[in-house]
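The structure file structure_2.cif is reproduced below (mmCIF, C-alpha atoms and all ligand atoms).
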data_data
loop_
_atom_site.label_atom_id
_atom_site.label_comp_id
_atom_site.auth_asym_id
_atom_site.auth_seq_id
_atom_site.Cartn_x
_atom_site.Cartn_y
_atom_site.Cartn_z
CA MET H 1 0.00 0.00 0.00
CA ALA H 2 1.45 3.34 -1.02
CA GLN H 3 1.27 5.72 1.89
CA VAL H 4 1.04 9.43 1.27
CA ASN H 5 2.88 12.11 3.18
CA ASP H 6 0.27 12.85 5.86
CA HIS H 7 1.91 16.15 6.69
CA TYR H 8 0.38 17.62 3.51
CA LEU H 9 -3.04 17.12 5.08
CA LYS H 10 -2.19 19.65 7.77
CA LEU H 11 -2.21 22.38 5.11
CA GLN H 12 -5.74 23.66 5.36
CA ALA H 13 -6.23 25.82 2.29
CA GLY H 14 -4.56 25.74 -1.12
CA TYR H 15 -1.37 27.70 -1.63
CA LEU H 16 -2.25 31.37 -1.21
CA PHE H 17 -1.87 32.69 -4.75
CA PRO H 18 -3.62 29.87 -6.62
CA GLU H 19 -6.36 30.19 -3.98
CA ILE H 20 -6.75 33.88 -4.78
CA ALA H 21 -6.73 33.13 -8.52
CA ARG H 22 -9.45 30.54 -7.95
CA ARG H 23 -11.65 33.06 -6.11
CA VAL H 24 -11.06 35.71 -8.77
CA ASN H 25 -11.89 33.29 -11.57
CA THR H 26 -15.10 32.28 -9.82
CA TYR H 27 -16.00 35.96 -9.58
CA ILE H 28 -15.20 36.59 -13.24
CA ASP H 29 -17.26 33.56 -14.32
CA ALA H 30 -20.25 35.16 -12.61
CA HIS H 31 -19.43 38.75 -13.74
CA ALA H 32 -18.07 38.48 -17.26
CA GLU H 33 -18.33 42.26 -17.74
CA ALA H 34 -16.00 43.10 -14.81
CA ASP H 35 -12.71 44.67 -15.87
CA VAL H 36 -10.62 43.19 -13.08
CA ILE H 37 -7.21 44.70 -12.27
CA ARG H 38 -4.85 42.33 -10.48
CA LEU H 39 -2.53 43.72 -7.84
CA GLY H 40 -2.39 40.42 -6.01
CA ILE H 41 0.53 38.15 -6.82
CA GLY H 42 3.83 39.94 -7.30
CA ASP H 43 4.21 38.99 -10.94
CA VAL H 44 6.05 41.31 -13.31
CA THR H 45 4.21 42.74 -16.30
CA GLU H 46 6.80 44.64 -18.34
CA PRO H 47 8.77 43.09 -21.23
CA LEU H 48 12.30 41.82 -20.69
CA PRO H 49 15.09 44.40 -21.13
CA PRO H 50 16.53 44.47 -24.68
CA ALA H 51 20.08 43.54 -23.55
CA ILE H 52 18.68 40.34 -22.04
CA ILE H 53 16.61 39.51 -25.11
CA ALA H 54 19.66 40.01 -27.38
CA ALA H 55 21.82 37.72 -25.21
CA MET H 56 19.14 35.02 -25.17
CA HIS H 57 18.70 35.23 -28.97
CA THR H 58 22.43 34.79 -29.46
CA ALA H 59 22.46 31.83 -27.07
CA VAL H 60 19.58 30.16 -28.90
CA ASP H 61 21.46 30.59 -32.19
CA GLU H 62 24.52 28.96 -30.59
CA MET H 63 22.36 25.98 -29.70
CA GLY H 64 21.45 25.64 -33.39
CA ASP H 65 25.04 25.29 -34.53
CA ARG H 66 27.05 22.05 -34.08
CA GLU H 67 30.18 24.03 -33.18
CA THR H 68 28.58 25.93 -30.33
CA PHE H 69 25.81 23.57 -29.25
CA ARG H 70 25.79 22.63 -25.53
CA GLY H 71 24.15 19.72 -23.75
CA TYR H 72 23.98 19.44 -19.96
CA GLY H 73 25.62 22.36 -18.26
CA PRO H 74 27.17 22.35 -14.79
CA GLU H 75 24.41 21.73 -12.21
CA GLN H 76 25.76 24.63 -10.15
CA GLY H 77 25.52 27.02 -13.09
CA TYR H 78 27.90 28.27 -15.76
CA GLU H 79 30.98 30.04 -14.51
CA PHE H 80 30.15 33.10 -16.66
CA LEU H 81 26.95 33.70 -14.68
CA ARG H 82 28.45 32.95 -11.28
CA GLU H 83 31.26 35.41 -12.06
CA ALA H 84 28.74 38.02 -13.24
CA LEU H 85 27.02 37.74 -9.84
CA VAL H 86 30.31 37.95 -7.91
CA ASP H 87 31.29 41.11 -9.82
CA GLY H 88 27.87 42.68 -10.39
CA ALA H 89 25.82 41.78 -7.32
CA PHE H 90 28.27 41.34 -4.45
CA ALA H 91 31.59 43.14 -5.10
CA PRO H 92 29.93 46.58 -5.52
CA ARG H 93 28.52 46.16 -1.96
CA GLY H 94 31.97 45.29 -0.62
CA VAL H 95 30.94 41.64 -0.21
CA GLU H 96 33.47 38.94 -1.04
CA ILE H 97 31.78 35.84 -2.38
CA SER H 98 33.63 33.32 -4.50
CA SER H 99 31.93 31.99 -7.60
CA ASP H 100 31.92 28.42 -6.27
CA GLU H 101 29.80 29.55 -3.32
CA ILE H 102 27.00 30.42 -5.77
CA PHE H 103 24.50 27.81 -6.99
CA ILE H 104 22.38 28.86 -9.97
CA SER H 105 18.81 27.57 -9.86
CA ASP H 106 15.39 28.04 -11.37
CA GLY H 107 13.93 30.16 -8.57
CA SER H 108 14.11 31.34 -4.99
CA LYS H 109 10.70 29.87 -4.21
CA CYS H 110 12.10 26.43 -5.10
CA ASP H 111 15.39 27.03 -3.30
CA THR H 112 13.86 28.30 -0.06
CA GLY H 113 11.67 25.20 -0.04
CA ASN H 114 14.30 22.71 -1.21
CA ILE H 115 16.94 23.88 1.25
CA LEU H 116 15.07 21.95 3.94
CA ASP H 117 16.33 18.70 2.38
CA ILE H 118 19.73 19.27 3.96
CA PHE H 119 18.51 20.10 7.47
CA GLY H 120 17.41 17.65 10.12
CA ALA H 121 13.77 17.11 11.02
CA ASP H 122 14.22 18.22 14.62
CA ASN H 123 15.36 21.77 13.99
CA THR H 124 13.30 24.52 15.58
CA VAL H 125 12.30 27.00 12.88
CA ALA H 126 11.42 30.67 13.31
CA VAL H 127 9.52 32.80 10.82
CA ILE H 128 8.41 36.38 10.82
CA ASP H 129 4.63 36.75 10.82
CA PRO H 130 3.26 37.82 8.29
CA VAL H 131 5.47 35.62 6.14
CA TYR H 132 5.99 34.49 2.55
CA PRO H 133 3.88 31.30 2.79
CA VAL H 134 6.49 29.05 1.16
CA TYR H 135 8.65 29.11 4.29
CA VAL H 136 5.84 27.81 6.46
CA ASP H 137 4.18 25.41 4.04
CA THR H 138 7.42 23.64 3.11
CA ASN H 139 8.22 23.07 6.78
CA VAL H 140 4.75 21.64 7.27
CA MET H 141 5.26 19.34 4.26
CA ALA H 142 8.61 18.24 5.69
CA GLY H 143 6.95 17.24 8.96
CA ARG H 144 8.66 19.87 11.05
CA THR H 145 5.40 21.15 12.60
CA GLY H 146 2.33 19.95 14.40
CA SER H 147 -1.19 20.75 13.28
CA ALA H 148 -2.61 24.15 12.47
CA THR H 149 -4.22 26.06 15.30
CA ASP H 150 -7.39 28.14 14.95
CA ASP H 151 -5.51 31.22 13.80
CA GLY H 152 -3.76 29.23 11.04
CA ARG H 153 -0.41 29.03 12.81
CA PHE H 154 1.36 25.68 13.09
CA GLU H 155 2.44 24.12 16.35
CA GLY H 156 6.18 23.82 16.59
CA LEU H 157 7.07 26.90 14.55
CA VAL H 158 8.26 30.04 16.33
CA TYR H 159 6.34 33.04 14.99
CA LEU H 160 7.78 36.53 15.34
CA PRO H 161 4.93 39.00 14.76
CA VAL H 162 5.60 42.27 12.96
CA THR H 163 2.91 44.94 12.97
CA ALA H 164 2.68 48.72 13.01
CA GLU H 165 3.01 48.47 16.81
CA ASN H 166 6.61 47.24 16.63
CA ASN H 167 7.31 49.28 13.52
CA PHE H 168 7.60 46.04 11.53
CA VAL H 169 10.90 45.22 13.18
CA ALA H 170 11.01 41.51 13.97
CA PRO H 171 11.68 40.81 17.64
CA LEU H 172 14.47 38.32 18.28
CA PRO H 173 13.11 34.94 19.44
CA ASP H 174 12.80 34.60 23.21
CA ARG H 175 14.27 31.08 23.00
CA PRO H 176 17.01 29.43 20.94
CA VAL H 177 16.01 28.45 17.40
CA ASP H 178 18.01 26.55 14.76
CA LEU H 179 16.79 27.99 11.47
CA VAL H 180 15.30 31.41 10.89
CA TYR H 181 13.89 32.85 7.67
CA LEU H 182 14.42 36.54 7.05
CA CYS H 183 13.17 38.25 3.89
CA TYR H 184 14.37 41.80 3.24
CA PRO H 185 13.09 43.95 1.64
CA ASN H 186 10.17 42.17 3.15
CA ASN H 187 7.47 40.29 1.39
CA PRO H 188 4.66 41.01 2.22
CA THR H 189 5.06 44.22 4.26
CA GLY H 190 7.43 46.03 1.88
CA THR H 191 9.52 47.18 4.86
CA VAL H 192 13.31 46.91 5.19
CA ALA H 193 15.81 45.86 7.85
CA SER H 194 18.42 48.36 9.01
CA ARG H 195 22.07 47.44 9.46
CA GLU H 196 21.48 47.40 13.24
CA THR H 197 18.58 44.97 12.91
CA LEU H 198 20.54 42.62 10.67
CA THR H 199 23.56 42.84 12.95
CA ALA H 200 21.38 41.80 15.90
CA TRP H 201 20.18 38.81 13.90
CA VAL H 202 23.68 37.74 12.94
CA GLU H 203 24.75 38.04 16.58
CA PHE H 204 21.73 36.00 17.65
CA ALA H 205 22.56 33.30 15.09
CA ARG H 206 26.20 33.18 16.19
CA GLU H 207 25.23 32.98 19.84
CA HIS H 208 22.70 30.17 19.33
CA ASP H 209 24.50 28.33 16.54
CA ALA H 210 21.53 29.01 14.27
CA ILE H 211 21.42 29.47 10.50
CA ILE H 212 19.71 32.46 8.87
CA LEU H 213 17.95 31.75 5.58
CA PHE H 214 18.08 35.21 4.06
CA ASP H 215 15.77 35.84 1.12
CA ALA H 216 17.02 38.89 -0.78
CA ALA H 217 14.74 38.51 -3.81
CA TYR H 218 13.74 42.18 -3.65
CA GLU H 219 17.14 43.75 -2.85
CA ALA H 220 17.22 45.67 -6.14
CA TYR H 221 14.31 47.81 -4.90
CA ILE H 222 16.30 49.32 -2.03
CA THR H 223 16.51 53.07 -2.53
CA ASP H 224 17.88 54.01 0.90
CA PRO H 225 21.71 53.94 0.72
CA GLU H 226 21.98 52.94 4.39
CA ILE H 227 20.10 49.67 3.97
CA PRO H 228 22.20 46.52 3.35
CA HIS H 229 21.38 44.56 0.19
CA SER H 230 23.07 41.36 1.32
CA ILE H 231 23.27 39.67 4.71
CA TYR H 232 26.99 39.29 4.02
CA GLU H 233 27.39 43.05 4.44
CA ILE H 234 27.13 42.23 8.15
CA ASP H 235 30.35 41.07 9.84
CA GLY H 236 30.25 37.43 10.84
CA ALA H 237 27.35 36.52 8.52
CA ARG H 238 29.40 34.17 6.36
CA GLU H 239 29.48 31.65 9.22
CA VAL H 240 25.73 31.75 9.87
CA ALA H 241 23.77 32.67 6.74
CA ILE H 242 22.56 31.33 3.42
CA GLU H 243 21.34 33.95 0.95
CA PHE H 244 18.79 33.57 -1.82
CA ARG H 245 18.83 35.88 -4.84
CA SER H 246 16.48 35.96 -7.79
CA PHE H 247 16.28 37.39 -11.30
CA SER H 248 12.47 37.37 -11.12
CA LYS H 249 11.70 40.75 -9.63
CA ASN H 250 14.68 42.74 -10.89
CA ALA H 251 15.21 41.49 -14.46
CA GLY H 252 11.61 40.35 -14.93
CA PHE H 253 12.32 36.59 -14.99
CA THR H 254 9.17 35.28 -13.29
CA GLY H 255 8.34 33.43 -16.51
CA ILE H 256 11.94 32.76 -17.54
CA ARG H 257 13.17 31.31 -14.21
CA CYS H 258 16.63 31.97 -12.82
CA ALA H 259 17.92 32.56 -9.30
CA CYS H 260 20.81 31.64 -7.08
CA THR H 261 21.62 30.45 -3.59
CA VAL H 262 24.82 31.47 -1.85
CA ILE H 263 26.42 29.14 0.69
CA PRO H 264 29.75 30.37 2.05
CA HIS H 265 32.38 27.73 2.76
CA GLU H 266 32.56 28.80 6.43
CA LEU H 267 28.92 27.87 7.09
CA THR H 268 28.61 24.71 9.16
CA GLY H 269 25.89 22.68 10.82
CA THR H 270 26.01 19.80 13.27
CA THR H 271 25.39 16.09 12.66
CA THR H 272 23.40 14.02 15.15
CA SER H 273 26.70 12.71 16.48
CA GLY H 274 27.82 16.29 17.14
CA GLU H 275 30.34 16.64 14.32
CA ARG H 276 30.59 20.04 12.54
CA ILE H 277 29.95 19.68 8.85
CA ASP H 278 30.17 22.09 5.97
CA VAL H 279 26.71 22.91 4.62
CA HIS H 280 28.00 23.83 1.14
CA ARG H 281 29.01 20.21 0.59
CA LEU H 282 25.51 18.97 1.42
CA TRP H 283 23.76 21.46 -0.83
CA ASN H 284 26.17 20.68 -3.64
CA ARG H 285 25.30 17.00 -3.26
CA ARG H 286 21.59 17.76 -3.20
CA HIS H 287 21.74 20.15 -6.14
CA SER H 288 23.77 17.85 -8.37
CA THR H 289 21.53 14.88 -7.56
CA LYS H 290 18.12 16.49 -7.92
CA PHE H 291 18.74 19.33 -10.38
CA ASN H 292 20.25 19.48 -13.86
CA GLY H 293 20.93 23.16 -14.17
CA VAL H 294 19.18 26.16 -15.68
CA SER H 295 19.07 26.27 -19.48
CA TYR H 296 22.00 27.89 -21.28
CA PRO H 297 19.98 30.66 -23.03
CA VAL H 298 18.41 31.64 -19.71
CA GLN H 299 21.79 31.84 -17.99
CA ARG H 300 23.11 33.99 -20.83
CA GLY H 301 20.10 36.27 -20.40
CA ALA H 302 20.73 36.49 -16.66
CA GLN H 303 24.39 37.30 -17.28
CA ALA H 304 23.30 40.16 -19.56
CA ALA H 305 21.41 41.73 -16.66
CA TYR H 306 24.85 42.63 -15.30
CA SER H 307 26.27 44.06 -18.56
CA PRO H 308 26.47 47.89 -18.53
CA GLU H 309 23.38 48.22 -20.78
CA GLY H 310 21.60 45.45 -18.90
CA GLN H 311 22.19 47.14 -15.56
CA GLN H 312 20.82 50.41 -16.88
CA GLN H 313 17.74 48.74 -18.36
CA VAL H 314 17.09 46.75 -15.17
CA ALA H 315 17.43 49.94 -13.12
CA ASP H 316 14.83 51.58 -15.41
CA LEU H 317 12.44 48.67 -14.86
CA ILE H 318 12.82 48.90 -11.12
CA ARG H 319 12.27 52.67 -11.22
CA PHE H 320 9.09 52.05 -13.18
CA TYR H 321 7.67 49.62 -10.59
CA LEU H 322 8.78 51.85 -7.72
CA ASP H 323 6.93 54.75 -9.34
CA ASN H 324 3.86 52.52 -9.42
CA ALA H 325 4.36 51.84 -5.72
CA ARG H 326 4.62 55.58 -5.05
CA LEU H 327 1.38 56.25 -6.98
CA LEU H 328 -0.39 53.57 -4.96
CA ARG H 329 0.99 54.87 -1.68
CA GLU H 330 0.17 58.51 -2.37
CA GLY H 331 -3.23 57.71 -3.85
CA LEU H 332 -4.27 55.66 -0.84
CA GLU H 333 -2.89 58.11 1.70
CA ALA H 334 -4.87 60.86 -0.02
CA VAL H 335 -8.09 59.13 1.08
CA GLY H 336 -6.87 58.54 4.61
CA ILE H 337 -5.62 54.97 4.34
CA THR H 338 -2.59 54.10 6.47
CA VAL H 339 0.10 52.70 4.23
CA TYR H 340 3.49 51.06 4.86
CA GLY H 341 6.27 49.82 2.57
CA GLY H 342 6.43 50.66 -1.11
CA VAL H 343 9.55 52.85 -0.81
CA ASN H 344 12.28 50.20 -0.89
CA ALA H 345 10.05 47.41 -2.15
CA PRO H 346 7.40 46.74 -4.81
CA TYR H 347 4.75 45.99 -2.16
CA VAL H 348 2.44 48.40 -0.40
CA TRP H 349 1.02 47.15 2.90
CA LEU H 350 -2.06 48.92 4.15
CA LYS H 351 -4.38 48.88 7.10
CA THR H 352 -7.77 47.73 5.91
CA PRO H 353 -10.12 50.74 5.90
CA GLY H 354 -12.66 50.68 8.71
CA GLY H 355 -10.75 47.86 10.40
CA VAL H 356 -12.55 45.12 8.45
CA ASP H 357 -10.85 41.76 8.33
CA SER H 358 -8.50 41.06 5.45
CA TRP H 359 -10.64 38.57 3.50
CA THR H 360 -13.76 40.75 3.87
CA PHE H 361 -11.80 43.63 2.40
CA PHE H 362 -10.59 41.34 -0.39
CA ASP H 363 -14.22 40.52 -1.26
CA GLN H 364 -15.34 44.17 -1.03
CA LEU H 365 -12.52 45.35 -3.24
CA LEU H 366 -13.18 42.67 -5.83
CA ASP H 367 -16.92 43.09 -5.82
CA LYS H 368 -17.18 46.89 -5.66
CA ALA H 369 -14.01 48.05 -7.42
CA HIS H 370 -12.98 44.98 -9.42
CA LEU H 371 -9.54 45.16 -7.84
CA VAL H 372 -7.52 42.19 -6.61
CA GLY H 373 -5.02 42.41 -3.77
CA THR H 374 -3.76 39.93 -1.21
CA PRO H 375 -5.36 39.64 2.24
CA GLY H 376 -2.80 40.18 4.97
CA SER H 377 -4.09 37.22 6.96
CA GLY H 378 -3.14 34.98 4.02
CA PHE H 379 0.46 35.63 5.05
CA GLY H 380 -0.11 34.84 8.72
CA ALA H 381 -2.11 35.67 11.80
CA ALA H 382 -0.27 38.94 12.41
CA GLY H 383 -1.29 40.07 8.90
CA GLU H 384 -4.97 40.17 9.89
CA GLY H 385 -6.36 43.67 9.38
CA TYR H 386 -3.77 44.40 6.69
CA PHE H 387 -3.80 44.07 2.94
CA ARG H 388 -1.04 43.89 0.31
CA LEU H 389 -1.00 45.60 -3.07
CA SER H 390 1.63 44.70 -5.62
CA ALA H 391 3.15 47.48 -7.74
CA PHE H 392 3.76 45.09 -10.62
CA ASN H 393 1.40 46.29 -13.30
CA SER H 394 1.13 48.70 -16.22
CA ARG H 395 1.01 52.41 -15.37
CA ALA H 396 -2.49 52.69 -16.81
CA ASN H 397 -3.75 49.88 -14.57
CA VAL H 398 -2.12 51.34 -11.48
CA GLU H 399 -3.64 54.77 -12.15
CA GLU H 400 -7.03 53.22 -12.73
CA ALA H 401 -6.67 51.11 -9.57
CA VAL H 402 -5.93 54.24 -7.52
CA ARG H 403 -8.97 55.97 -8.99
CA ARG H 404 -11.24 53.03 -8.13
CA PHE H 405 -9.72 52.71 -4.66
CA GLN H 406 -10.39 56.37 -3.98
CA GLN H 407 -13.96 56.07 -5.23
CA LEU H 408 -14.57 53.06 -2.97
CA VAL H 409 -12.98 54.48 0.16
CA GLY H 410 -13.03 58.26 -0.30
C1 LIG Q 501 4.28 37.16 -4.11
O1 LIG Q 501 3.35 37.70 -4.67
O2 LIG Q 501 4.41 37.12 -2.89
C2 LIG Q 501 5.33 36.56 -4.97
O3 LIG Q 501 5.03 36.68 -6.30
C3 LIG Q 501 5.46 35.16 -4.69
C4 LIG Q 501 6.68 34.59 -5.31
O4 LIG Q 501 7.63 35.30 -5.67
O5 LIG Q 501 6.69 33.38 -5.41
#

I'd like the structure from this file rewritten - as structure tokens, please.
Amino acid sequence: MAQVNDHYLKLQAGYLFPEIARRVNTYIDAHAEADVIRLGIGDVTEPLPPAIIAAMHTAVDEMGDRETFRGYGPEQGYEFLREALVDGAFAPRGVEISSDEIFISDGSKCDTGNILDIFGADNTVAVIDPVYPVYVDTNVMAGRTGSATDDGRFEGLVYLPVTAENNFVAPLPDRPVDLVYLCYPNNPTGTVASRETLTAWVEFAREHDAIILFDAAYEAYITDPEIPHSIYEIDGAREVAIEFRSFSKNAGFTGIRCACTVIPHELTGTTTSGERIDVHRLWNRRHSTKFNGVSYPVQRGAQAAYSPEGQQQVADLIRFYLDNARLLREGLEAVGITVYGGVNAPYVWLKTPGGVDSWTFFDQLLDKAHLVGTPGSGFGAAGEGYFRLSAFNSRANVEEAVRRFQQLVG
């Protein structure tokens, strides 16, 4: 008899974004005339930068020529892309990462979930609440939690609530934990972590022999020069942190798929017999066993994001989405809505008007204004009473969304 993984049954609802899509599609089926604007999932809308397109075209042509054709590439990624990241993403921030500490992959969502393969089942895991649901759901699937409680939290996980009351600064856990997920700029709140905050986390991890899983998928949106882009800008982080980077939200690769995970050689964990072991070696084993690399044309496209033209074009894209975020922020504030984030991140996090609960506001917004956002409670119990808007959309749609929002609330 084939037994299923019972832990999946602890997950009460579907994954958040397909669940929202399902509700929206049900609504559209019943209201075919509704011109629905989607500011829910953080999915890019603008075309790929020309430098990236040109590099991918050239790479595809190479694949059509016997002399330049390539089969399997290195599972860890081509050296040209790893070097482009060393020089383009880390060196300018004063961070020394060697190319063999970088593993190219097909996405940070996959990597932040898959990383659990190399950690023991008994680790205590901490997450910030509200949280990118992948961190929680993959731990549930891996059997690292008990059942869900009434507020949707899972027994066994350590939740660190962030709300307006603590200025969205995650409190350090009041007990030792082994793994902690940090995402900065933060999804969903759009807030950032200062150097002091990140330093406190690195010190905590060093003191408790914990590992920080640092998701930097939105680092390109940081506008404040004081805010670190990488956890490795903090002294001592190389011994305690893994960092996830993505081409999705900067270069527009949500449909193309390319990302990377950085594991410094100094990072170690402990075996059940108490031996210190290098984590890089385990991830390398996992990656080369379960993954066959990102396609060559995609890696060439990703490399082009760090060419001089590519960097300029990517910066223009980010400026465009940040301007959308500013329009949303200003438009909502103009009708008295309290808004957070959206300055160093493509997400605007708002207090639901009138204090209604997050899913009620989702329904009102969809029904009365034909706008889709993401209910804060979908990201965790501490997100109740909040709502997320994504700045990834055309300018016309964002302007129209602001107009409808103002009409509904104003
Ligand atoms: C989001 O909307 O939170 C993101 O699009 C999710 C993701 O990047 O997987």

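Interatomic distance, CA of Thr254 (chain H) against CA of Ala401 (chain H): 22.7 Å.
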
For this session: Would you kindly return, as a list in words, each protein, DNA or RNA residue with an atom no farther than 10 Å from any atom of Ala170 (chain H), considering only C-alpha atoms and excluding same-chain residues fewer than 5 positions away?
Result: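 What passes the distance filter is Val127, Ile128, Asp129, Tyr159, Leu160, Pro161, Val162, Thr163, Leu182, Ala193, Thr197 and Trp201 of chain H.
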
Problem set entry | Among listed residues H:Tyr15, H:Tyr132, H:Phe247, H:Tyr386, nearest ligand LIG 501 (chain Q) (using only C-alpha atoms and all ligand atoms) | H:Tyr132

Determine the axis-aligned bounding box of all atoms of ligand LIG 501 (chain Q) present in the file, pad each side by 6 Å, and express its centre and edge lengths in Å to one decimal place as JSON.
{"center_x": 5.5, "center_y": 35.5, "center_z": -4.6, "size_x": 16.3, "size_y": 16.3, "size_z": 15.4}

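Considering only C-alpha atoms, the residue among H:Ala251, H:Ile52, H:Ala391, H:Val86 positioned nearest to Arg326 (chain H) is H:Ala391.
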
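Proximity of H:Arg300, H:Arg388, H:Arg404, H:Arg395 to Val335 (chain H), computed with all atoms listed in the file, is greatest for H:Arg404.
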
Problem set entry | Which of H:Gln312, H:Ser358, H:Ser307, H:Asn187 sits closest to Lys249 (chain H) [using all atoms listed in the file] | H:Asn187

Exercise. Quick one: residues within 6 Å of ligand LIG 501 (chain Q), with all atoms listed in the file, as a list in words?
Worked result: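 Final answer, ordered by chain and number: Ile41, Gly42, Asp43 and Lys109 of chain H.
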
For this session: Tell me, as number ranges by chain, which residues lie within 9 Å of Thr124 (chain H), counting all atoms listed in the file; anything in the same chain fewer than 3 positions away does not count.
Result: H: 121, 144, 156-158, 176-180

Problem set entry | Surrounding residues of Phe103 (chain H) excluding itself and chain neighbours under 6 positions, 12 Å, all atoms listed in the file, as a PyMOL selection string | chain H and resi 74-79+81-83+85-86+97+111+115+242-246+258-264+280-281+283-288+291-294

Keeping only C-alpha atoms, write those residues as a short mmCIF file (atom, residue, chain, number, x, y, z; two decimals), in the frame of the given file.
data_model
loop_
_atom_site.label_atom_id
_atom_site.label_comp_id
_atom_site.auth_asym_id
_atom_site.auth_seq_id
_atom_site.Cartn_x
_atom_site.Cartn_y
_atom_site.Cartn_z
CA PRO H 74 27.17 22.35 -14.79
CA GLU H 75 24.41 21.73 -12.21
CA GLN H 76 25.76 24.63 -10.15
CA GLY H 77 25.52 27.02 -13.09
CA TYR H 78 27.90 28.27 -15.76
CA GLU H 79 30.98 30.04 -14.51
CA LEU H 81 26.95 33.70 -14.68
CA ARG H 82 28.45 32.95 -11.28
CA GLU H 83 31.26 35.41 -12.06
CA LEU H 85 27.02 37.74 -9.84
CA VAL H 86 30.31 37.95 -7.91
CA ILE H 97 31.78 35.84 -2.38
CA ASP H 111 15.39 27.03 -3.30
CA ILE H 115 16.94 23.88 1.25
CA ILE H 242 22.56 31.33 3.42
CA GLU H 243 21.34 33.95 0.95
CA PHE H 244 18.79 33.57 -1.82
CA ARG H 245 18.83 35.88 -4.84
CA SER H 246 16.48 35.96 -7.79
CA CYS H 258 16.63 31.97 -12.82
CA ALA H 259 17.92 32.56 -9.30
CA CYS H 260 20.81 31.64 -7.08
CA THR H 261 21.62 30.45 -3.59
CA VAL H 262 24.82 31.47 -1.85
CA ILE H 263 26.42 29.14 0.69
CA PRO H 264 29.75 30.37 2.05
CA HIS H 280 28.00 23.83 1.14
CA ARG H 281 29.01 20.21 0.59
CA TRP H 283 23.76 21.46 -0.83
CA ASN H 284 26.17 20.68 -3.64
CA ARG H 285 25.30 17.00 -3.26
CA ARG H 286 21.59 17.76 -3.20
CA HIS H 287 21.74 20.15 -6.14
CA SER H 288 23.77 17.85 -8.37
CA PHE H 291 18.74 19.33 -10.38
CA ASN H 292 20.25 19.48 -13.86
CA GLY H 293 20.93 23.16 -14.17
CA VAL H 294 19.18 26.16 -15.68
#

Will you model N, CA and C atoms for region 195-208 of chain H and pass it back as a compact mmCIF listing (two decimals), in the frame of the given file?
# COMPACT_ATOMS: atom_id res chain seq x y z
N ARG H 195 20.81 48.12 9.14
CA ARG H 195 22.07 47.44 9.46
C ARG H 195 22.07 46.96 10.93
N GLU H 196 21.51 47.78 11.82
CA GLU H 196 21.48 47.40 13.24
C GLU H 196 20.62 46.14 13.44
N THR H 197 19.47 46.13 12.77
CA THR H 197 18.58 44.97 12.91
C THR H 197 19.27 43.71 12.40
N LEU H 198 19.89 43.81 11.24
CA LEU H 198 20.54 42.62 10.67
C LEU H 198 21.74 42.19 11.52
N THR H 199 22.43 43.18 12.08
CA THR H 199 23.56 42.84 12.95
C THR H 199 23.07 42.07 14.18
N ALA H 200 21.94 42.50 14.73
CA ALA H 200 21.38 41.80 15.90
C ALA H 200 21.03 40.36 15.53
N TRP H 201 20.53 40.16 14.33
CA TRP H 201 20.18 38.81 13.90
C TRP H 201 21.42 37.94 13.73
N VAL H 202 22.45 38.52 13.14
CA VAL H 202 23.68 37.74 12.94
C VAL H 202 24.27 37.38 14.31
N GLU H 203 24.23 38.33 15.23
CA GLU H 203 24.75 38.04 16.58
C GLU H 203 23.92 36.94 17.25
N PHE H 204 22.60 37.03 17.08
CA PHE H 204 21.73 36.00 17.65
C PHE H 204 22.10 34.62 17.07
N ALA H 205 22.26 34.58 15.75
CA ALA H 205 22.56 33.30 15.09
C ALA H 205 23.91 32.76 15.57
N ARG H 206 24.88 33.63 15.72
CA ARG H 206 26.20 33.18 16.19
C ARG H 206 26.11 32.67 17.63
N GLU H 207 25.34 33.38 18.43
CA GLU H 207 25.23 32.98 19.84
C GLU H 207 24.53 31.63 20.00
N HIS H 208 23.51 31.39 19.16
CA HIS H 208 22.70 30.17 19.33
C HIS H 208 23.03 29.10 18.30
